>>> print(open('work24.cif').read())   # mmCIF, C-alpha atoms and all ligand atoms
data_model
loop_
_atom_site.label_atom_id
_atom_site.label_comp_id
_atom_site.auth_asym_id
_atom_site.auth_seq_id
_atom_site.Cartn_x
_atom_site.Cartn_y
_atom_site.Cartn_z
CA MET A 1 32.66 12.62 16.01
CA ASN A 2 36.38 13.33 16.37
CA ARG A 3 37.25 10.02 14.76
CA LYS A 4 35.07 10.84 11.77
CA LYS A 5 36.56 14.32 11.51
CA ILE A 6 40.12 13.02 11.57
CA TYR A 7 39.41 10.30 9.01
CA GLU A 8 37.65 12.78 6.73
CA PHE A 9 40.59 15.19 7.06
CA LEU A 10 43.05 12.43 6.18
CA ARG A 11 40.98 11.53 3.17
CA GLU A 12 40.98 15.11 1.89
CA ALA A 13 44.61 15.85 2.72
CA ARG A 14 45.87 12.36 1.75
CA SER A 15 49.10 12.57 3.74
CA VAL A 16 49.67 14.64 6.90
CA SER A 17 51.66 14.71 10.11
CA LYS A 18 50.05 14.31 13.51
CA GLN A 19 50.73 18.00 14.23
CA ASP A 20 48.96 19.02 11.01
CA ILE A 21 45.83 17.27 12.26
CA VAL A 22 46.10 18.81 15.74
CA TYR A 23 46.38 22.31 14.26
CA ALA A 24 43.82 21.93 11.50
CA LEU A 25 41.09 20.34 13.61
CA LYS A 26 41.96 22.04 16.91
CA LEU A 27 42.03 18.73 18.75
CA SER A 28 44.29 17.62 21.58
CA LEU A 29 47.38 15.58 20.83
CA PRO A 30 46.20 12.54 22.88
CA THR A 31 42.86 12.49 21.02
CA VAL A 32 44.59 12.56 17.65
CA THR A 33 47.18 9.98 18.73
CA GLN A 34 44.54 7.59 20.02
CA ASN A 35 42.44 7.81 16.86
CA LEU A 36 45.39 7.43 14.55
CA GLN A 37 46.41 4.36 16.47
CA GLU A 38 42.95 2.87 15.96
CA PHE A 39 43.12 3.60 12.23
CA GLN A 40 46.50 1.93 12.10
CA GLU A 41 45.19 -1.17 13.85
CA LYS A 42 42.36 -1.37 11.35
CA GLY A 43 44.78 -0.99 8.45
CA LEU A 44 43.24 2.32 7.36
CA VAL A 45 46.36 4.49 7.39
CA ASP A 46 49.87 4.03 6.12
CA THR A 47 52.70 5.30 8.34
CA THR A 48 55.70 4.35 6.23
CA GLY A 49 56.23 7.84 4.77
CA ARG A 50 57.91 10.91 6.27
CA ILE A 51 56.95 14.55 6.00
CA GLY A 52 59.81 17.06 5.96
CA HIS A 53 59.31 20.21 8.07
CA THR A 54 61.90 22.94 7.64
CA GLY A 55 64.11 23.30 10.67
CA GLY A 56 62.96 20.17 12.47
CA ARG A 57 63.32 16.45 12.10
CA ASN A 58 61.08 14.65 9.67
CA ALA A 59 57.69 13.68 11.08
CA THR A 60 55.78 10.49 10.40
CA ALA A 61 53.31 10.93 7.57
CA PHE A 62 49.87 9.46 8.13
CA SER A 63 48.52 8.60 4.70
CA PHE A 64 45.02 7.69 3.62
CA ILE A 65 44.85 4.23 2.07
CA SER A 66 42.21 4.40 -0.61
CA ASP A 67 41.93 0.64 -1.01
CA ALA A 68 41.98 -0.15 2.69
CA ARG A 69 38.40 -1.27 2.09
CA VAL A 70 36.63 -1.86 -1.20
CA ALA A 71 33.16 -2.67 -2.44
CA ILE A 72 32.14 -4.76 -5.41
CA GLY A 73 29.41 -3.77 -7.83
CA ILE A 74 27.81 -5.85 -10.56
CA ASP A 75 25.73 -4.53 -13.42
CA ILE A 76 23.46 -7.42 -14.30
CA GLN A 77 21.88 -7.32 -17.73
CA LYS A 78 20.17 -9.84 -19.94
CA HIS A 79 23.20 -10.66 -22.09
CA HIS A 80 26.17 -9.38 -20.15
CA ASN A 81 27.56 -8.65 -16.71
CA THR A 82 30.05 -6.03 -15.62
CA VAL A 83 31.81 -6.46 -12.31
CA VAL A 84 33.79 -3.60 -10.75
CA ILE A 85 35.73 -2.95 -7.59
CA VAL A 86 35.46 0.58 -6.18
CA ASP A 87 37.80 1.95 -3.55
CA LEU A 88 37.13 4.41 -0.74
CA ASP A 89 37.48 7.31 -3.18
CA GLY A 90 34.63 5.88 -5.21
CA ARG A 91 36.99 5.11 -8.07
CA VAL A 92 36.68 1.99 -10.20
CA ILE A 93 40.00 0.19 -9.67
CA GLU A 94 39.20 -3.02 -11.53
CA LYS A 95 36.63 -4.08 -14.05
CA ILE A 96 35.56 -7.28 -15.79
CA ARG A 97 32.88 -7.42 -18.46
CA LYS A 98 31.50 -10.73 -19.69
CA PRO A 99 28.89 -11.83 -22.18
CA VAL A 100 26.69 -13.92 -19.91
CA HIS A 101 23.05 -14.84 -20.37
CA PHE A 102 20.94 -14.18 -17.32
CA ALA A 103 19.04 -17.09 -15.82
CA THR A 104 17.64 -17.76 -12.36
CA THR A 105 19.58 -21.01 -12.14
CA ASP A 106 22.09 -22.38 -9.69
CA GLU A 107 24.62 -22.45 -12.54
CA TYR A 108 24.22 -18.70 -13.09
CA TYR A 109 24.58 -17.87 -9.40
CA LYS A 110 27.65 -20.08 -9.20
CA MET A 111 29.12 -18.11 -12.07
CA LEU A 112 28.40 -14.81 -10.27
CA GLY A 113 30.36 -16.17 -7.31
CA ALA A 114 33.20 -17.12 -9.64
CA GLU A 115 33.21 -13.61 -11.18
CA VAL A 116 33.52 -12.02 -7.73
CA ALA A 117 36.42 -14.35 -6.84
CA GLU A 118 38.04 -13.65 -10.21
CA ILE A 119 37.98 -9.87 -9.91
CA LEU A 120 39.45 -9.96 -6.38
CA GLU A 121 42.19 -12.24 -7.66
CA LYS A 122 42.83 -9.97 -10.65
CA ALA A 123 43.08 -6.84 -8.48
CA LYS A 124 45.03 -8.72 -5.79
CA ILE A 125 42.60 -7.55 -3.11
CA ASP A 126 42.39 -9.39 0.18
CA PRO A 127 38.77 -10.61 0.57
CA ALA A 128 38.84 -9.34 4.18
CA LYS A 129 38.78 -5.80 2.78
CA VAL A 130 35.45 -6.27 0.97
CA LEU A 131 32.59 -4.27 2.48
CA GLY A 132 29.86 -5.84 0.39
CA VAL A 133 28.54 -6.62 -3.06
CA GLY A 134 25.87 -4.50 -4.70
CA MET A 135 24.00 -5.62 -7.80
CA GLY A 136 22.35 -3.17 -10.14
CA VAL A 137 19.51 -4.93 -11.91
CA PRO A 138 16.86 -3.85 -14.43
CA GLY A 139 13.96 -4.24 -12.06
CA LEU A 140 12.18 -2.64 -9.14
CA ILE A 141 13.59 -3.61 -5.77
CA SER A 142 12.05 -3.74 -2.30
CA LYS A 143 13.10 -1.01 0.10
CA ASP A 144 15.47 -3.29 2.00
CA GLY A 145 17.33 -4.28 -1.19
CA LYS A 146 16.48 -7.93 -0.73
CA GLU A 147 13.82 -8.71 -3.30
CA VAL A 148 12.86 -7.98 -6.88
CA VAL A 149 9.28 -6.74 -6.78
CA TYR A 150 8.94 -6.16 -10.54
CA GLY A 151 11.33 -7.76 -12.96
CA ARG A 152 9.76 -8.23 -16.33
CA ILE A 153 12.92 -7.55 -18.36
CA LEU A 154 14.78 -10.49 -16.86
CA ASN A 155 11.60 -12.32 -15.90
CA PHE A 156 12.84 -12.52 -12.31
CA THR A 157 10.08 -11.01 -10.19
CA GLY A 158 10.31 -12.43 -6.66
CA GLU A 159 14.02 -13.26 -6.94
CA THR A 160 16.00 -12.50 -3.76
CA SER A 161 19.44 -11.20 -2.85
CA GLU A 162 19.84 -14.46 -0.95
CA ASN A 163 19.68 -16.42 -4.20
CA PHE A 164 21.99 -14.01 -6.00
CA SER A 165 24.57 -14.37 -3.24
CA ARG A 166 24.41 -18.15 -2.88
CA TYR A 167 28.05 -18.42 -3.91
CA ILE A 168 29.21 -14.98 -2.75
CA PRO A 169 30.77 -14.88 0.72
CA PHE A 170 29.90 -11.19 1.32
CA ARG A 171 26.82 -9.20 2.24
CA THR A 172 24.84 -8.64 -0.94
CA LEU A 173 22.14 -6.12 -1.81
CA LEU A 174 20.10 -5.46 -4.93
CA PHE A 175 19.56 -2.01 -6.42
CA ASN A 176 17.47 -0.72 -9.27
CA ASP A 177 19.98 -0.06 -12.06
CA ALA A 178 18.90 3.53 -12.80
CA ASN A 179 18.92 4.49 -9.12
CA ALA A 180 22.40 2.96 -8.77
CA ALA A 181 23.69 4.99 -11.73
CA GLY A 182 22.03 8.13 -10.31
CA SER A 183 23.80 7.55 -6.98
CA ALA A 184 27.16 7.23 -8.76
CA GLU A 185 26.47 10.56 -10.43
CA MET A 186 25.70 12.21 -7.08
CA TRP A 187 28.98 10.85 -5.76
CA SER A 188 30.94 12.61 -8.50
CA SER A 189 28.97 15.87 -8.55
CA HIS A 190 28.77 17.25 -5.06
CA ASN A 191 26.72 20.24 -6.11
CA ILE A 192 23.67 18.31 -7.31
CA ARG A 193 20.70 19.10 -5.15
CA ASN A 194 17.73 18.36 -7.37
CA ALA A 195 18.10 16.47 -10.62
CA PHE A 196 16.48 13.91 -12.83
CA TYR A 197 18.98 11.31 -14.00
CA ILE A 198 18.00 9.53 -17.21
CA CYS A 199 19.70 6.16 -17.40
CA LEU A 200 20.06 5.44 -21.13
CA SER A 201 21.17 1.83 -20.91
CA ASP A 202 19.92 -1.39 -22.55
CA HIS A 203 16.67 -0.37 -20.93
CA ILE A 204 15.69 3.08 -19.81
CA GLY A 205 15.19 4.06 -16.24
CA GLY A 206 15.35 7.25 -14.28
CA ALA A 207 16.38 8.41 -10.85
CA VAL A 208 14.66 11.33 -9.19
CA ILE A 209 17.17 13.12 -6.99
CA LEU A 210 15.61 15.51 -4.49
CA ASP A 211 17.75 17.27 -1.91
CA ASN A 212 20.71 14.99 -2.65
CA LYS A 213 18.74 11.83 -2.10
CA VAL A 214 17.14 9.41 -4.52
CA TYR A 215 13.38 9.84 -4.19
CA GLU A 216 12.07 6.29 -4.55
CA GLY A 217 8.35 6.95 -4.46
CA ASP A 218 5.74 5.29 -2.25
CA ASP A 219 6.39 1.87 -3.80
CA GLN A 220 9.93 2.27 -5.17
CA ARG A 221 8.54 2.99 -8.63
CA SER A 222 9.55 6.59 -9.16
CA GLY A 223 11.31 7.76 -12.29
CA GLU A 224 10.14 4.92 -14.53
CA ILE A 225 10.32 7.13 -17.60
CA GLY A 226 11.14 4.22 -19.90
CA HIS A 227 7.39 3.66 -20.02
CA MET A 228 6.35 7.23 -20.55
CA THR A 229 4.39 7.35 -23.83
CA VAL A 230 6.27 9.43 -26.40
CA VAL A 231 4.35 8.26 -29.49
CA ALA A 232 0.64 7.53 -29.28
CA ASP A 233 0.07 3.93 -30.45
CA GLY A 234 3.74 3.67 -31.39
CA ARG A 235 6.17 0.76 -31.24
CA PRO A 236 5.22 -2.21 -29.05
CA CYS A 237 7.00 -2.36 -25.70
CA TYR A 238 7.78 -5.43 -23.57
CA CYS A 239 5.49 -3.94 -20.90
CA GLY A 240 2.46 -4.60 -23.10
CA GLN A 241 1.90 -0.97 -24.10
CA TYR A 242 2.77 0.95 -27.27
CA GLY A 243 4.95 3.98 -27.91
CA CYS A 244 7.02 3.86 -24.71
CA PHE A 245 10.14 6.06 -24.58
CA GLU A 246 12.11 2.84 -24.01
CA THR A 247 11.33 1.57 -27.52
CA TYR A 248 12.84 4.69 -29.15
CA CYS A 249 15.84 5.44 -26.95
CA CYS A 250 17.26 2.32 -25.33
CA ALA A 251 20.99 1.80 -25.85
CA SER A 252 20.55 -1.64 -27.38
CA LEU A 253 18.71 -0.07 -30.32
CA LEU A 254 22.00 1.66 -31.17
CA SER A 255 24.41 -1.16 -30.37
CA GLU A 256 22.36 -3.72 -32.30
CA ALA A 257 22.17 -1.44 -35.35
CA ALA A 258 25.97 -1.24 -35.32
CA GLY A 259 26.33 -5.00 -34.97
CA GLY A 260 27.41 -5.26 -31.38
CA ASP A 261 28.41 -2.46 -29.12
CA LEU A 262 28.14 1.28 -28.60
CA ASP A 263 31.81 1.82 -29.44
CA SER A 264 31.17 0.64 -32.98
CA PHE A 265 27.93 2.65 -33.17
CA PHE A 266 29.67 5.91 -32.31
CA GLY A 267 32.63 4.97 -34.51
CA LYS A 268 30.30 4.57 -37.48
CA LEU A 269 28.50 7.79 -36.57
CA GLU A 270 31.82 9.65 -36.61
CA ALA A 271 32.66 8.05 -39.95
CA GLY A 272 29.42 9.50 -41.36
CA ASP A 273 27.57 6.20 -41.95
CA LYS A 274 24.21 7.29 -43.41
CA ARG A 275 21.94 4.70 -41.78
CA ILE A 276 23.60 5.19 -38.39
CA THR A 277 23.34 8.99 -38.66
CA GLU A 278 19.60 8.75 -39.42
CA LEU A 279 19.07 6.45 -36.46
CA TRP A 280 21.01 8.83 -34.19
CA ASN A 281 18.97 11.83 -35.32
CA SER A 282 15.75 9.98 -34.60
CA TYR A 283 17.19 8.93 -31.21
CA LEU A 284 17.94 12.55 -30.30
CA HIS A 285 14.50 13.62 -31.53
CA TYR A 286 12.74 11.33 -29.03
CA LEU A 287 15.25 12.03 -26.31
CA ALA A 288 14.42 15.74 -26.67
CA PHE A 289 10.74 14.89 -26.00
CA ALA A 290 11.65 13.16 -22.79
CA VAL A 291 13.98 15.93 -21.65
CA HIS A 292 11.32 18.56 -22.33
CA ASN A 293 8.63 16.60 -20.46
CA ILE A 294 10.88 16.05 -17.46
CA ARG A 295 11.90 19.69 -17.37
CA MET A 296 8.23 20.75 -17.46
CA LEU A 297 7.47 18.36 -14.63
CA PHE A 298 10.40 18.91 -12.28
CA ASP A 299 12.05 22.23 -13.13
CA CYS A 300 15.48 20.82 -12.23
CA ASN A 301 18.70 19.69 -13.90
CA VAL A 302 18.32 16.78 -16.29
CA ILE A 303 21.36 14.51 -16.49
CA LEU A 304 21.91 12.12 -19.37
CA GLY A 305 23.57 9.00 -18.06
CA GLY A 306 23.73 5.26 -18.53
CA TYR A 307 25.61 3.62 -21.40
CA VAL A 308 24.69 6.28 -23.97
CA GLY A 309 25.32 9.10 -21.50
CA ALA A 310 28.98 8.10 -21.40
CA TYR A 311 29.28 9.02 -25.12
CA ILE A 312 26.93 11.98 -25.36
CA ASP A 313 29.20 14.96 -24.58
CA LYS A 314 30.02 15.55 -28.22
CA TYR A 315 26.40 15.53 -29.36
CA MET A 316 24.83 17.93 -26.89
CA GLU A 317 24.52 20.86 -29.30
CA PRO A 318 22.04 19.23 -31.74
CA LEU A 319 20.08 17.95 -28.75
CA TYR A 320 19.99 21.44 -27.19
CA GLU A 321 18.56 22.74 -30.44
CA MET A 322 15.77 20.14 -30.48
CA VAL A 323 14.92 20.89 -26.84
CA ARG A 324 15.04 24.65 -27.53
CA GLN A 325 12.34 24.23 -30.16
CA ARG A 326 9.90 22.85 -27.56
CA ASP A 327 10.78 25.38 -24.90
CA MET A 328 8.17 27.89 -23.72
CA PHE A 329 10.16 29.78 -21.11
CA SER A 330 13.05 30.91 -23.36
CA GLU A 331 15.38 28.85 -21.23
CA GLU A 332 18.83 27.93 -22.45
CA PRO A 333 18.89 24.10 -22.34
CA GLY A 334 22.66 24.14 -21.83
CA ALA A 335 21.99 25.54 -18.36
CA TYR A 336 20.09 22.50 -17.08
CA LEU A 337 20.62 19.62 -19.51
CA LEU A 338 23.94 17.96 -18.72
CA PRO A 339 25.90 14.91 -19.78
CA CYS A 340 26.73 12.65 -16.83
CA ARG A 341 30.10 13.05 -15.12
CA TYR A 342 30.43 9.54 -13.80
CA LYS A 343 31.18 7.67 -17.01
CA THR A 344 32.87 4.46 -15.97
CA GLU A 345 30.31 1.76 -15.40
CA ALA A 346 27.89 3.94 -13.47
CA ILE A 347 25.40 1.12 -12.74
CA ALA A 348 27.98 -1.30 -11.35
CA ALA A 349 29.87 1.39 -9.43
CA GLY A 350 26.64 2.93 -8.13
CA ALA A 351 25.59 -0.46 -6.74
CA ALA A 352 28.89 -0.68 -4.84
CA LEU A 353 29.02 2.88 -3.49
CA PRO A 354 26.34 2.51 -0.78
CA PHE A 355 28.70 0.12 1.03
CA VAL A 356 31.47 2.73 0.89
CA GLU A 357 29.09 5.41 2.21
CA GLU A 358 27.95 3.11 4.97
CA PHE A 359 31.59 2.51 5.91
CA PHE A 360 32.23 6.26 6.25
CA HIS A 361 29.10 6.68 8.37
CA GLY A 362 30.23 3.92 10.69
CA ILE A 363 33.84 4.99 11.03
ZN ZN B 1 6.67 0.11 -21.89
#
>>> encode(input="work24.cif", output="structure tokens")
Amino acid sequence: MNRKKIYEFLREARSVSKQDIVYALKLSLPTVTQNLQEFQEKGLVDTTGRIGHTGGRNATAFSFISDARVAIGIDIQKHHNTVVIVDLDGRVIEKIRKPVHFATTDEYYKMLGAEVAEILEKAKIDPAKVLGVGMGVPGLISKDGKEVVYGRILNFTGETSENFSRYIPFRTLLFNDANAAGSAEMWSSHNIRNAFYICLSDHIGGAVILDNKVYEGDDQRSGEIGHMTVVADGRPCYCGQYGCFETYCCASLLSEAAGGDLDSFFGKLEAGDKRITELWNSYLHYLAFAVHNIRMLFDCNVILGGYVGAYIDKYMEPLYEMVRQRDMFSEEPGAYLLPCRYKTEAIAAGAALPFVEEFFHGI
């Protein structure tokens, strides 16, 4: 308990003297000394600095090393991969994005291994510091993170973390992409208790957050709002049904219309491109349906995340207006409908963060 307390204090304070810890945590000097020594042996604190105290000699500063351990996260999509390294502050410290076509082949897994080696090399991180590799995938994952139980988007049902990590020399777990992004959001917003996180990425998923935890459902299928019907007998969906939310609001609908990526979509939208503006208005129209339905169902904050969520801050007002028109409780949508705060590669980072959390628990 004391060890955890001291490490947590160091992390908050960043750089303190031994006496500061003794006073702040009301612990004995030997206890603090012993724990600091253990941290030093594990390479978790830096003691090269000095802290000046008026009237006395300078004391050794014990400083938190944010990259003393790191975790790797990979966002695996049909036509691209994003690999990130997150540090102990949950910050993305390195990122590589590659156009890669998914396949359940040895060649693909070899390439994943190469990507992991490449990012460590690029960030100059010692592999001994890696806590694990998390992969956020568009599929439903078994509770232990080891198997894809439903993976129609990538046609990889039954695929295992063992296969994915064939060429990765670290512990590897799989995560549903929307749940990973929702976890990243929880990491950055400590005051979330209940929320529904809509992951507006190439496909749409959702994460139900109840009491600060992702509620996975009885069979890890909760929050699958991509397949909520928003238009009766509407557009065909890959799932075999028609009119799914997914077919009106996935991010790829926007990036493809702009000829490649979301940056160019929002660039053209800002420039007033007529076709792009019409598409965006229709996007918001259907998104408002989903927000309204979720609010009616859960009565909690609704967070817009995923790829589109990273751009949406500027466009909240028109969306609020569309939601307001469906409202029956005279609620102000601005009070519960929020753009995500974690904007840098939420899926990849969210897949890495459980390893960081686990590290803190085990300290
Ligand atoms: Zn569907």
>>> closest_atom_pairs(input="work24.cif", of="chain A", to="ligand ZN 1 (chain B)", cutoff="12 Å", atoms="all atoms listed in the file", output="tab-separated table")
residue	atom	partner	partner_atom	distance
A:Arg152	CA	B:ZN1	ZN	10.5
A:Ile153	CA	B:ZN1	ZN	10.5
A:His203	CA	B:ZN1	ZN	10.1
A:Ile204	CA	B:ZN1	ZN	9.7
A:Gly205	CA	B:ZN1	ZN	11.0
A:Glu224	CA	B:ZN1	ZN	9.5
A:Ile225	CA	B:ZN1	ZN	9.0
A:Gly226	CA	B:ZN1	ZN	6.4
A:His227	CA	B:ZN1	ZN	4.1
A:Met228	CA	B:ZN1	ZN	7.3
A:Thr229	CA	B:ZN1	ZN	7.8
A:Val230	CA	B:ZN1	ZN	10.4
A:Val231	CA	B:ZN1	ZN	11.4
A:Asp233	CA	B:ZN1	ZN	11.5
A:Gly234	CA	B:ZN1	ZN	10.6
A:Arg235	CA	B:ZN1	ZN	9.4
A:Pro236	CA	B:ZN1	ZN	7.7
A:Cys237	CA	B:ZN1	ZN	4.6
A:Tyr238	CA	B:ZN1	ZN	5.9
A:Cys239	CA	B:ZN1	ZN	4.3
A:Gly240	CA	B:ZN1	ZN	6.4
A:Gln241	CA	B:ZN1	ZN	5.4
A:Tyr242	CA	B:ZN1	ZN	6.7
A:Gly243	CA	B:ZN1	ZN	7.4
A:Cys244	CA	B:ZN1	ZN	4.7
A:Phe245	CA	B:ZN1	ZN	7.4
A:Glu246	CA	B:ZN1	ZN	6.4
A:Thr247	CA	B:ZN1	ZN	7.5
A:Tyr248	CA	B:ZN1	ZN	10.6
A:Cys249	CA	B:ZN1	ZN	11.8
A:Cys250	CA	B:ZN1	ZN	11.4
>>> write_last_selection(input="work24.cif", atoms="C-alpha atoms", output="mmCIF file, in the frame of the given file")
data_model
loop_
_atom_site.group_PDB
_atom_site.id
_atom_site.type_symbol
_atom_site.label_atom_id
_atom_site.label_comp_id
_atom_site.auth_asym_id
_atom_site.auth_seq_id
_atom_site.Cartn_x
_atom_site.Cartn_y
_atom_site.Cartn_z
ATOM 1 C CA ARG A 152 9.760 -8.230 -16.330
ATOM 2 C CA ILE A 153 12.920 -7.550 -18.360
ATOM 3 C CA HIS A 203 16.670 -0.370 -20.930
ATOM 4 C CA ILE A 204 15.690 3.080 -19.810
ATOM 5 C CA GLY A 205 15.190 4.060 -16.240
ATOM 6 C CA GLU A 224 10.140 4.920 -14.530
ATOM 7 C CA ILE A 225 10.320 7.130 -17.600
ATOM 8 C CA GLY A 226 11.140 4.220 -19.900
ATOM 9 C CA HIS A 227 7.390 3.660 -20.020
ATOM 10 C CA MET A 228 6.350 7.230 -20.550
ATOM 11 C CA THR A 229 4.390 7.350 -23.830
ATOM 12 C CA VAL A 230 6.270 9.430 -26.400
ATOM 13 C CA VAL A 231 4.350 8.260 -29.490
ATOM 14 C CA ASP A 233 0.070 3.930 -30.450
ATOM 15 C CA GLY A 234 3.740 3.670 -31.390
ATOM 16 C CA ARG A 235 6.170 0.760 -31.240
ATOM 17 C CA PRO A 236 5.220 -2.210 -29.050
ATOM 18 C CA CYS A 237 7.000 -2.360 -25.700
ATOM 19 C CA TYR A 238 7.780 -5.430 -23.570
ATOM 20 C CA CYS A 239 5.490 -3.940 -20.900
ATOM 21 C CA GLY A 240 2.460 -4.600 -23.100
ATOM 22 C CA GLN A 241 1.900 -0.970 -24.100
ATOM 23 C CA TYR A 242 2.770 0.950 -27.270
ATOM 24 C CA GLY A 243 4.950 3.980 -27.910
ATOM 25 C CA CYS A 244 7.020 3.860 -24.710
ATOM 26 C CA PHE A 245 10.140 6.060 -24.580
ATOM 27 C CA GLU A 246 12.110 2.840 -24.010
ATOM 28 C CA THR A 247 11.330 1.570 -27.520
ATOM 29 C CA TYR A 248 12.840 4.690 -29.150
ATOM 30 C CA CYS A 249 15.840 5.440 -26.950
ATOM 31 C CA CYS A 250 17.260 2.320 -25.330
#
>>> closest_atom_pairs(input="work24.cif", of="segment 136-200 of chain A", to="segment 295-312 of chain A", cutoff="12 Å", atoms="all atoms listed in the file", output="CSV")
residue,atom,partner,partner_atom,distance
A:Gly136,CA,A:Gly306,CA,12.0
A:Asp177,CA,A:Gly306,CA,9.2
A:Ala178,CA,A:Gly306,CA,7.7
A:Asn179,CA,A:Gly306,CA,10.6
A:Ala180,CA,A:Gly306,CA,10.1
A:Ala181,CA,A:Gly306,CA,6.8
A:Gly182,CA,A:Gly305,CA,7.9
A:Ser183,CA,A:Gly305,CA,11.2
A:Ala184,CA,A:Gly305,CA,10.1
A:Glu185,CA,A:Gly305,CA,8.3
A:Met186,CA,A:Ile303,CA,10.6
A:Ser189,CA,A:Ile303,CA,11.1
A:Asn191,CA,A:Asn301,CA,11.2
A:Ile192,CA,A:Asn301,CA,8.4
A:Arg193,CA,A:Cys300,CA,9.0
A:Asn194,CA,A:Cys300,CA,5.9
A:Ala195,CA,A:Asn301,CA,4.6
A:Phe196,CA,A:Val302,CA,4.9
A:Tyr197,CA,A:Ile303,CA,4.7
A:Ile198,CA,A:Leu304,CA,5.2
A:Cys199,CA,A:Gly306,CA,4.3
A:Leu200,CA,A:Gly306,CA,4.5
>>> atom_distance(input="work24.cif", atom1="atom CA of Gly158 of chain A", atom2="atom CA of Asn176 of chain A")
14.0 Å
>>> closest_residue(input="work24.cif", among="A:Lys78, A:Lys343, A:Lys42, A:His292", to="Pro138 of chain A", atoms="only C-alpha atoms")
A:Lys78
>>> residues_around(input="work24.cif", residues="Leu140 of chain A", least_positions_apart="6", cutoff="9 Å", atoms="all atoms listed in the file", output="PDB file with C-alpha atoms, in the coordinates of the input")
ATOM      1  CA  GLU A 147      13.820  -8.710  -3.300  1.00  0.00           C
ATOM      2  CA  VAL A 148      12.860  -7.980  -6.880  1.00  0.00           C
ATOM      3  CA  VAL A 149       9.280  -6.740  -6.780  1.00  0.00           C
ATOM      4  CA  TYR A 150       8.940  -6.160 -10.540  1.00  0.00           C
ATOM      5  CA  GLY A 151      11.330  -7.760 -12.960  1.00  0.00           C
ATOM      6  CA  THR A 157      10.080 -11.010 -10.190  1.00  0.00           C
ATOM      7  CA  PHE A 175      19.560  -2.010  -6.420  1.00  0.00           C
ATOM      8  CA  ASN A 176      17.470  -0.720  -9.270  1.00  0.00           C
ATOM      9  CA  ASP A 177      19.980  -0.060 -12.060  1.00  0.00           C
ATOM     10  CA  GLN A 220       9.930   2.270  -5.170  1.00  0.00           C
ATOM     11  CA  ARG A 221       8.540   2.990  -8.630  1.00  0.00           C
TER      12      ARG A 221
END
>>> closest_residue(input="work24.cif", among="A:Ile6, A:Thr82, A:Leu210, A:Trp187", to="Arg341 of chain A", atoms="only C-alpha atoms")
A:Trp187
>>> closest_residue(input="work24.cif", among="A:Leu112, A:Ile96, A:Gly73, A:Tyr315", to="Leu173 of chain A", atoms="only C-alpha atoms")
A:Gly73
>>> build_atoms(input="work24.cif", residues="segment 133-144 of chain A", atoms="N, CA and C atoms", output="mmCIF file, in the frame of the given file")
data_model
loop_
_atom_site.group_PDB
_atom_site.id
_atom_site.type_symbol
_atom_site.label_atom_id
_atom_site.label_comp_id
_atom_site.auth_asym_id
_atom_site.auth_seq_id
_atom_site.Cartn_x
_atom_site.Cartn_y
_atom_site.Cartn_z
ATOM 1 N N VAL A 133 28.740 -6.518 -1.614
ATOM 2 C CA VAL A 133 28.540 -6.620 -3.060
ATOM 3 C C VAL A 133 27.157 -6.057 -3.387
ATOM 4 N N GLY A 134 27.131 -5.080 -4.279
ATOM 5 C CA GLY A 134 25.870 -4.500 -4.700
ATOM 6 C C GLY A 134 25.592 -4.892 -6.145
ATOM 7 N N MET A 135 24.341 -5.242 -6.424
ATOM 8 C CA MET A 135 24.000 -5.620 -7.800
ATOM 9 C C MET A 135 22.958 -4.672 -8.353
ATOM 10 N N GLY A 136 23.289 -4.044 -9.459
ATOM 11 C CA GLY A 136 22.350 -3.170 -10.140
ATOM 12 C C GLY A 136 21.609 -3.993 -11.171
ATOM 13 N N VAL A 137 20.289 -4.075 -11.011
ATOM 14 C CA VAL A 137 19.510 -4.930 -11.910
ATOM 15 C C VAL A 137 18.374 -4.139 -12.562
ATOM 16 N N PRO A 138 17.970 -4.536 -13.775
ATOM 17 C CA PRO A 138 16.860 -3.850 -14.430
ATOM 18 C C PRO A 138 15.533 -4.321 -13.857
ATOM 19 N N GLY A 139 15.195 -3.843 -12.702
ATOM 20 C CA GLY A 139 13.960 -4.240 -12.060
ATOM 21 C C GLY A 139 13.693 -3.330 -10.891
ATOM 22 N N LEU A 140 12.506 -3.431 -10.322
ATOM 23 C CA LEU A 140 12.180 -2.640 -9.140
ATOM 24 C C LEU A 140 12.451 -3.490 -7.903
ATOM 25 N N ILE A 141 13.079 -2.874 -6.924
ATOM 26 C CA ILE A 141 13.590 -3.610 -5.770
ATOM 27 C C ILE A 141 12.884 -3.158 -4.496
ATOM 28 N N SER A 142 12.677 -4.083 -3.579
ATOM 29 C CA SER A 142 12.050 -3.740 -2.300
ATOM 30 C C SER A 142 12.958 -2.771 -1.542
ATOM 31 N N LYS A 143 12.370 -2.059 -0.608
ATOM 32 C CA LYS A 143 13.100 -1.010 0.100
ATOM 33 C C LYS A 143 14.357 -1.514 0.804
ATOM 34 N N ASP A 144 14.309 -2.752 1.277
ATOM 35 C CA ASP A 144 15.470 -3.290 2.000
ATOM 36 C C ASP A 144 16.536 -3.882 1.071
#
